[in-house]
Amino acid sequence: MARESTRARRERLAEMQARQKAAERRRLVALVLASAFVALAIAGGVAWAIVNDRNQRQAALDRASGTAASAGCDPVITDPASGGSDHFGPGSNKPDQTKATYPTIPPSSGPHLSTPALSERRVYTTADAPSVESLVHNLEHGYTILWYDPSVEKSEAATFDALAKQVNAMPEAANKFIITPWDTSRGAFPAGKKYALTHWFAKVDQATGKISDQAGKRQLCSGLSAAAVESFVKANPWSAAPEPGAA
């Protein structure tokens, strides 16, 4: 009788242990499934955000999908270049000078502040735009600048952001493409023109460091054309500048 009682207790204990293990397995399966669901939800959310951002960017770029001709772009103008390494402002031998007078609107070369605009930003507004004089220094370093009339700032903000990302990813730009408002106190764009591209062009002999064929490049447009911007950047890459190796 005692042996049967012991056997019964062992059987009940084994049954309890089996039920406990089964419950633990169910909890583990539920935990795994819940974790998988959360992971899938996060992945789906990230994927949706990426796709949504891409779609929004493409929609913004579609606003600038016209040709250079349809955007009313003039032929590229070649200006005489001047002001290479002609610095003023703090750290120069002209520390009190802050302004320069340029022969073209906007400038495509010329004397400039001793420090360029070094922010990681690639799109500026009228509230935070660097000075013209610092941006001319950027031109000397191989940047291309798209200047815009302040009147289009709000309506084209999304397009500017999308265009800056797309163009800066081009090897000819190498993240040296800036979009910034033109300071209309320095003079007005020609009638009907709202955009101007500029680049300080030069050839640099990599063996000797000799700089030649310097010229300012400008193109003015009535509308915004991504194709026109890309064509201008391809013709005037970051490497074709007096000091392309500088930041």
# chains A, B, ... in the order shown; residues from 1 in each chain; ligands from 1
call {"tool": "residues_around", "arguments": {"residues": "stretch 65-70 of chain A", "least_positions_apart": "4", "cutoff": "7 Å", "atoms": "only C-alpha atoms", "output": "list of chain:residue names"}}
result
A:Leu61, A:Ser225, A:Ala226, A:Ala227, A:Ala228
call {"tool": "closest_atom_pairs", "arguments": {"of": "stretch 223-245 of chain A", "to": "stretch 120-142 of chain A", "cutoff": "6 Å", "atoms": "only C-alpha atoms", "output": "JSON lines"}}
result
{"residue": "A:Trp238", "atom": "CA", "partner": "A:Gly142", "partner_atom": "CA", "distance": 4.2}
{"residue": "A:Ala241", "atom": "CA", "partner": "A:Gly142", "partner_atom": "CA", "distance": 4.8}
{"residue": "A:Pro242", "atom": "CA", "partner": "A:Glu140", "partner_atom": "CA", "distance": 5.7}
{"residue": "A:Glu243", "atom": "CA", "partner": "A:His141", "partner_atom": "CA", "distance": 4.6}
{"residue": "A:Pro244", "atom": "CA", "partner": "A:His141", "partner_atom": "CA", "distance": 4.7}
call {"tool": "write_last_selection", "arguments": {"atoms": "N, CA and C atoms", "output": "tab-separated table (two decimals), in the first residue's frame"}}
result
chain	number	residue	atom	x	y	z
A	238	TRP	N	33.44	69.75	-58.75
A	238	TRP	CA	34.15	70.29	-57.59
A	238	TRP	C	35.66	70.35	-57.82
A	241	ALA	N	38.44	73.77	-59.84
A	241	ALA	CA	38.38	74.98	-59.03
A	241	ALA	C	39.79	75.34	-58.56
A	242	PRO	N	40.02	76.58	-58.14
A	242	PRO	CA	41.38	76.97	-57.72
A	242	PRO	C	41.90	76.17	-56.53
A	243	GLU	N	41.02	75.86	-55.54
A	243	GLU	CA	41.46	75.13	-54.34
A	243	GLU	C	40.49	74.00	-54.04
A	244	PRO	N	40.42	72.99	-54.91
A	244	PRO	CA	39.42	71.94	-54.74
A	244	PRO	C	39.62	71.06	-53.51
call {"tool": "closest_residue", "arguments": {"among": "A:Ser35, A:Ser231, A:Thr101, A:Gln166", "to": "A:Pro75", "atoms": "only C-alpha atoms"}}
result
A:Ser231
call {"tool": "residues_around", "arguments": {"residues": "stretch 146-163 of chain A", "least_positions_apart": "6", "cutoff": "6 Å", "atoms": "only C-alpha atoms", "output": "mmCIF file with C-alpha atoms, in the first residue's frame"}}
result
data_model
loop_
_atom_site.group_PDB
_atom_site.id
_atom_site.type_symbol
_atom_site.label_atom_id
_atom_site.label_comp_id
_atom_site.auth_asym_id
_atom_site.auth_seq_id
_atom_site.Cartn_x
_atom_site.Cartn_y
_atom_site.Cartn_z
ATOM 1 C CA ARG A 57 11.357 63.542 -52.141
ATOM 2 C CA ALA A 60 9.235 67.417 -54.608
ATOM 3 C CA LEU A 61 11.718 66.759 -57.406
ATOM 4 C CA ILE A 179 21.356 76.293 -52.120
ATOM 5 C CA THR A 180 21.027 79.726 -50.543
ATOM 6 C CA PRO A 181 18.972 82.912 -50.933
ATOM 7 C CA TRP A 182 20.461 85.831 -52.793
ATOM 8 C CA LYS A 194 14.627 83.745 -59.873
ATOM 9 C CA TYR A 195 17.643 81.416 -59.810
ATOM 10 C CA ALA A 196 21.348 81.648 -60.546
ATOM 11 C CA LEU A 197 24.024 78.950 -60.577
#
call {"tool": "select_by_dssp", "arguments": {"residues": "stretch 7-81 of chain A", "states": "strand (DSSP E or B)", "output": "list of chain:residue names"}}
result
A:Ile77, A:Thr78, A:Asp79, A:Pro80
call {"tool": "write_last_selection", "arguments": {"atoms": "C-alpha atoms", "output": "compact mmCIF listing (two decimals), in the first residue's frame"}}
result
# COMPACT_ATOMS: atom_id res chain seq x y z
CA ILE A 77 27.97 82.89 -68.97
CA THR A 78 31.76 82.85 -68.62
CA ASP A 79 33.11 85.71 -66.48
CA PRO A 80 36.72 86.80 -65.98
call {"tool": "select_by_dssp", "arguments": {"residues": "stretch 26-241 of chain A", "states": "helix (DSSP H, G or I)", "output": "ChimeraX atom specification"}}
result
/A:26-62,132-140,150-152,157-168,184-186,226-235
call {"tool": "write_last_selection", "arguments": {"atoms": "C-alpha atoms", "output": "PDB file, in the first residue's frame"}}
result
ATOM      1  CA  ARG A  26       3.636  27.999 -24.268  1.00  0.00           C
ATOM      2  CA  ARG A  27       4.954  31.136 -22.567  1.00  0.00           C
ATOM      3  CA  LEU A  28       8.208  30.882 -24.533  1.00  0.00           C
ATOM      4  CA  VAL A  29       6.340  30.446 -27.821  1.00  0.00           C
ATOM      5  CA  ALA A  30       4.095  33.397 -26.966  1.00  0.00           C
ATOM      6  CA  LEU A  31       7.136  35.524 -26.098  1.00  0.00           C
ATOM      7  CA  VAL A  32       8.903  34.587 -29.348  1.00  0.00           C
ATOM      8  CA  LEU A  33       5.782  35.324 -31.373  1.00  0.00           C
ATOM      9  CA  ALA A  34       5.267  38.649 -29.600  1.00  0.00           C
ATOM     10  CA  SER A  35       8.918  39.614 -30.174  1.00  0.00           C
ATOM     11  CA  ALA A  36       8.657  38.640 -33.818  1.00  0.00           C
ATOM     12  CA  PHE A  37       5.491  40.691 -34.168  1.00  0.00           C
ATOM     13  CA  VAL A  38       7.170  43.731 -32.593  1.00  0.00           C
ATOM     14  CA  ALA A  39      10.232  43.295 -34.809  1.00  0.00           C
ATOM     15  CA  LEU A  40       8.055  43.023 -37.906  1.00  0.00           C
ATOM     16  CA  ALA A  41       6.067  46.085 -36.840  1.00  0.00           C
ATOM     17  CA  ILE A  42       9.272  48.090 -36.317  1.00  0.00           C
ATOM     18  CA  ALA A  43      10.726  46.891 -39.617  1.00  0.00           C
ATOM     19  CA  GLY A  44       7.465  47.688 -41.355  1.00  0.00           C
ATOM     20  CA  GLY A  45       7.398  51.139 -39.796  1.00  0.00           C
ATOM     21  CA  VAL A  46      10.986  51.834 -40.822  1.00  0.00           C
ATOM     22  CA  ALA A  47      10.333  50.554 -44.334  1.00  0.00           C
ATOM     23  CA  TRP A  48       7.205  52.684 -44.593  1.00  0.00           C
ATOM     24  CA  ALA A  49       9.115  55.740 -43.382  1.00  0.00           C
ATOM     25  CA  ILE A  50      11.875  55.138 -45.945  1.00  0.00           C
ATOM     26  CA  VAL A  51       9.425  54.611 -48.782  1.00  0.00           C
ATOM     27  CA  ASN A  52       7.323  57.590 -47.685  1.00  0.00           C
ATOM     28  CA  ASP A  53      10.418  59.819 -47.496  1.00  0.00           C
ATOM     29  CA  ARG A  54      11.514  58.626 -50.933  1.00  0.00           C
ATOM     30  CA  ASN A  55       8.061  59.259 -52.362  1.00  0.00           C
ATOM     31  CA  GLN A  56       7.892  62.730 -50.830  1.00  0.00           C
ATOM     32  CA  ARG A  57      11.357  63.542 -52.141  1.00  0.00           C
ATOM     33  CA  GLN A  58      10.422  62.336 -55.612  1.00  0.00           C
ATOM     34  CA  ALA A  59       7.200  64.339 -55.529  1.00  0.00           C
ATOM     35  CA  ALA A  60       9.235  67.417 -54.608  1.00  0.00           C
ATOM     36  CA  LEU A  61      11.718  66.759 -57.406  1.00  0.00           C
ATOM     37  CA  ASP A  62       8.866  66.326 -59.862  1.00  0.00           C
ATOM     38  CA  VAL A 132      27.976  86.497 -49.860  1.00  0.00           C
ATOM     39  CA  GLU A 133      31.647  87.121 -49.037  1.00  0.00           C
ATOM     40  CA  SER A 134      32.032  83.812 -47.175  1.00  0.00           C
ATOM     41  CA  LEU A 135      30.222  81.888 -49.915  1.00  0.00           C
ATOM     42  CA  VAL A 136      32.570  83.259 -52.566  1.00  0.00           C
ATOM     43  CA  HIS A 137      35.322  81.552 -50.557  1.00  0.00           C
ATOM     44  CA  ASN A 138      33.327  78.322 -50.914  1.00  0.00           C
ATOM     45  CA  LEU A 139      33.312  78.871 -54.668  1.00  0.00           C
ATOM     46  CA  GLU A 140      37.114  79.018 -54.590  1.00  0.00           C
ATOM     47  CA  PRO A 150      13.823  85.086 -51.514  1.00  0.00           C
ATOM     48  CA  SER A 151      10.304  85.258 -52.967  1.00  0.00           C
ATOM     49  CA  VAL A 152      10.402  81.503 -53.725  1.00  0.00           C
ATOM     50  CA  ALA A 157      11.502  74.589 -49.578  1.00  0.00           C
ATOM     51  CA  ALA A 158      10.735  70.882 -50.049  1.00  0.00           C
ATOM     52  CA  THR A 159      12.168  70.897 -53.554  1.00  0.00           C
ATOM     53  CA  PHE A 160      15.347  72.597 -52.358  1.00  0.00           C
ATOM     54  CA  ASP A 161      15.884  69.891 -49.728  1.00  0.00           C
ATOM     55  CA  ALA A 162      15.304  67.069 -52.202  1.00  0.00           C
ATOM     56  CA  LEU A 163      17.437  68.687 -54.885  1.00  0.00           C
ATOM     57  CA  ALA A 164      20.334  69.310 -52.487  1.00  0.00           C
ATOM     58  CA  LYS A 165      20.359  65.639 -51.453  1.00  0.00           C
ATOM     59  CA  GLN A 166      20.223  64.422 -55.040  1.00  0.00           C
ATOM     60  CA  VAL A 167      22.896  66.740 -56.416  1.00  0.00           C
ATOM     61  CA  ASN A 168      25.302  66.376 -53.491  1.00  0.00           C
ATOM     62  CA  THR A 184      18.736  91.393 -52.744  1.00  0.00           C
ATOM     63  CA  SER A 185      20.297  94.351 -50.923  1.00  0.00           C
ATOM     64  CA  ARG A 186      23.346  93.606 -53.074  1.00  0.00           C
ATOM     65  CA  ALA A 226      16.891  69.761 -61.662  1.00  0.00           C
ATOM     66  CA  ALA A 227      18.189  68.780 -65.103  1.00  0.00           C
ATOM     67  CA  ALA A 228      19.731  72.222 -65.594  1.00  0.00           C
ATOM     68  CA  VAL A 229      21.383  72.083 -62.170  1.00  0.00           C
ATOM     69  CA  GLU A 230      22.800  68.616 -62.773  1.00  0.00           C
ATOM     70  CA  SER A 231      24.086  69.589 -66.215  1.00  0.00           C
ATOM     71  CA  PHE A 232      25.804  72.671 -64.773  1.00  0.00           C
ATOM     72  CA  VAL A 233      27.443  70.634 -61.998  1.00  0.00           C
ATOM     73  CA  LYS A 234      28.648  67.974 -64.429  1.00  0.00           C
ATOM     74  CA  ALA A 235      30.240  70.658 -66.615  1.00  0.00           C
TER      75      ALA A 235
END
call {"tool": "closest_residue", "arguments": {"among": "A:Arg12, A:Lys193, A:Ala117, A:Ser108", "to": "A:Leu224", "atoms": "only C-alpha atoms"}}
result
A:Lys193
